[in-house]
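To keep things clear, I will list the structure first and then write my remarks on it.
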Amino acid sequence: MICNNAVNIMTGSRDELIQFVCLMNSKLFNWYLKCTTEAEVQGGGIQLYVTTLEKTLVKLDFNNDFTKVAEMRINGKITDQEIDECIFNVYGLSNSEKHFISTIG
């Protein structure tokens, strides 16, 4: 077993926490965090610190429709591609921006 001494607790409304989970697992935020943080860990993941999140432009006041779509993804009713497309749209990305983010892996 491998353990470290870090414990992190996030608080907020249920909708904000659901939105946060979907955003942090999206292609858009994968790209954004890799561009803006140097805390990449083995395997390609990113270690997030409170200071990193404080500087991150995360919008968590979407309407209820986004929360419903996020819940559908959490429950496996839609795909990663569908939630990524929804996130691209709520952030107003152009088609070329969507294509760029989608093709970088």
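We name chains A, B, ... following the order of the structure tokens; residues begin at 1 in each chain, and ligands are numbered from 1 as shown.
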
Query raised in the report: Using the chain letters and numbers from this document, which residues of segment 10-104 of chain A does DSSP assign to alpha helix (DSSP H), as a ChimeraX atom specification?
Result: /A:14-24,27-36,50-55,64-74,80-90,95-103

Requested in this report: Tell me which of A:Met10, A:Ile78, A:Ile101, A:Leu93 sits closest to Leu53 of chain A, counting only C-alpha atoms.
Outcome: A:Met10

Report task. One decimal, Å: what's the distance from atom CA of Cys22 of chain A over to atom CA of Ala70 of chain A, could you say? Result -> 6.0 Å

I want to know what sits within 8 Å of Leu60 of chain A, based on only C-alpha atoms, with residues of the same chain fewer than 2 positions away left out; could you give that as an mmCIF file with N, CA and C atoms, in the first residue's frame?
```cif
data_model
loop_
_atom_site.group_PDB
_atom_site.id
_atom_site.type_symbol
_atom_site.label_atom_id
_atom_site.label_comp_id
_atom_site.auth_asym_id
_atom_site.auth_seq_id
_atom_site.Cartn_x
_atom_site.Cartn_y
_atom_site.Cartn_z
ATOM 1 N N GLU A 16 -22.248 22.678 -7.825
ATOM 2 C CA GLU A 16 -20.874 23.134 -8.061
ATOM 3 C C GLU A 16 -19.886 21.975 -8.031
ATOM 4 N N GLN A 19 -20.320 19.909 -11.221
ATOM 5 C CA GLN A 19 -19.739 20.646 -12.337
ATOM 6 C C GLN A 19 -18.211 20.582 -12.288
ATOM 7 N N PHE A 20 -17.640 20.738 -11.100
ATOM 8 C CA PHE A 20 -16.191 20.713 -10.938
ATOM 9 C C PHE A 20 -15.608 19.372 -11.370
ATOM 10 N N VAL A 58 -11.993 28.832 -13.226
ATOM 11 C CA VAL A 58 -13.023 27.813 -13.273
ATOM 12 C C VAL A 58 -14.367 28.464 -13.017
ATOM 13 N N PHE A 62 -22.834 27.517 -13.809
ATOM 14 C CA PHE A 62 -23.603 27.167 -14.998
ATOM 15 C C PHE A 62 -25.061 26.935 -14.612
#
```

Requested in this report: Find the residues around Thr67 of chain A up to 12 Å (only C-alpha atoms counted), leave out those fewer than 2 positions away in its own chain, and share them as a list of chain:residue names.
Outcome: A:Ser13, A:Arg14, A:Asp15, A:Glu16, A:Leu17, A:Ile18, A:Gln19, A:Phe20, A:Val21, A:Cys22, A:Leu23, A:Leu60, A:Asp61, A:Phe62, A:Asn63, A:Asn64, A:Asp65, A:Val69, A:Ala70, A:Glu71, A:Met72, A:Arg73, A:Ile74, A:Ile83, A:Cys86, A:Ile87, A:Val90
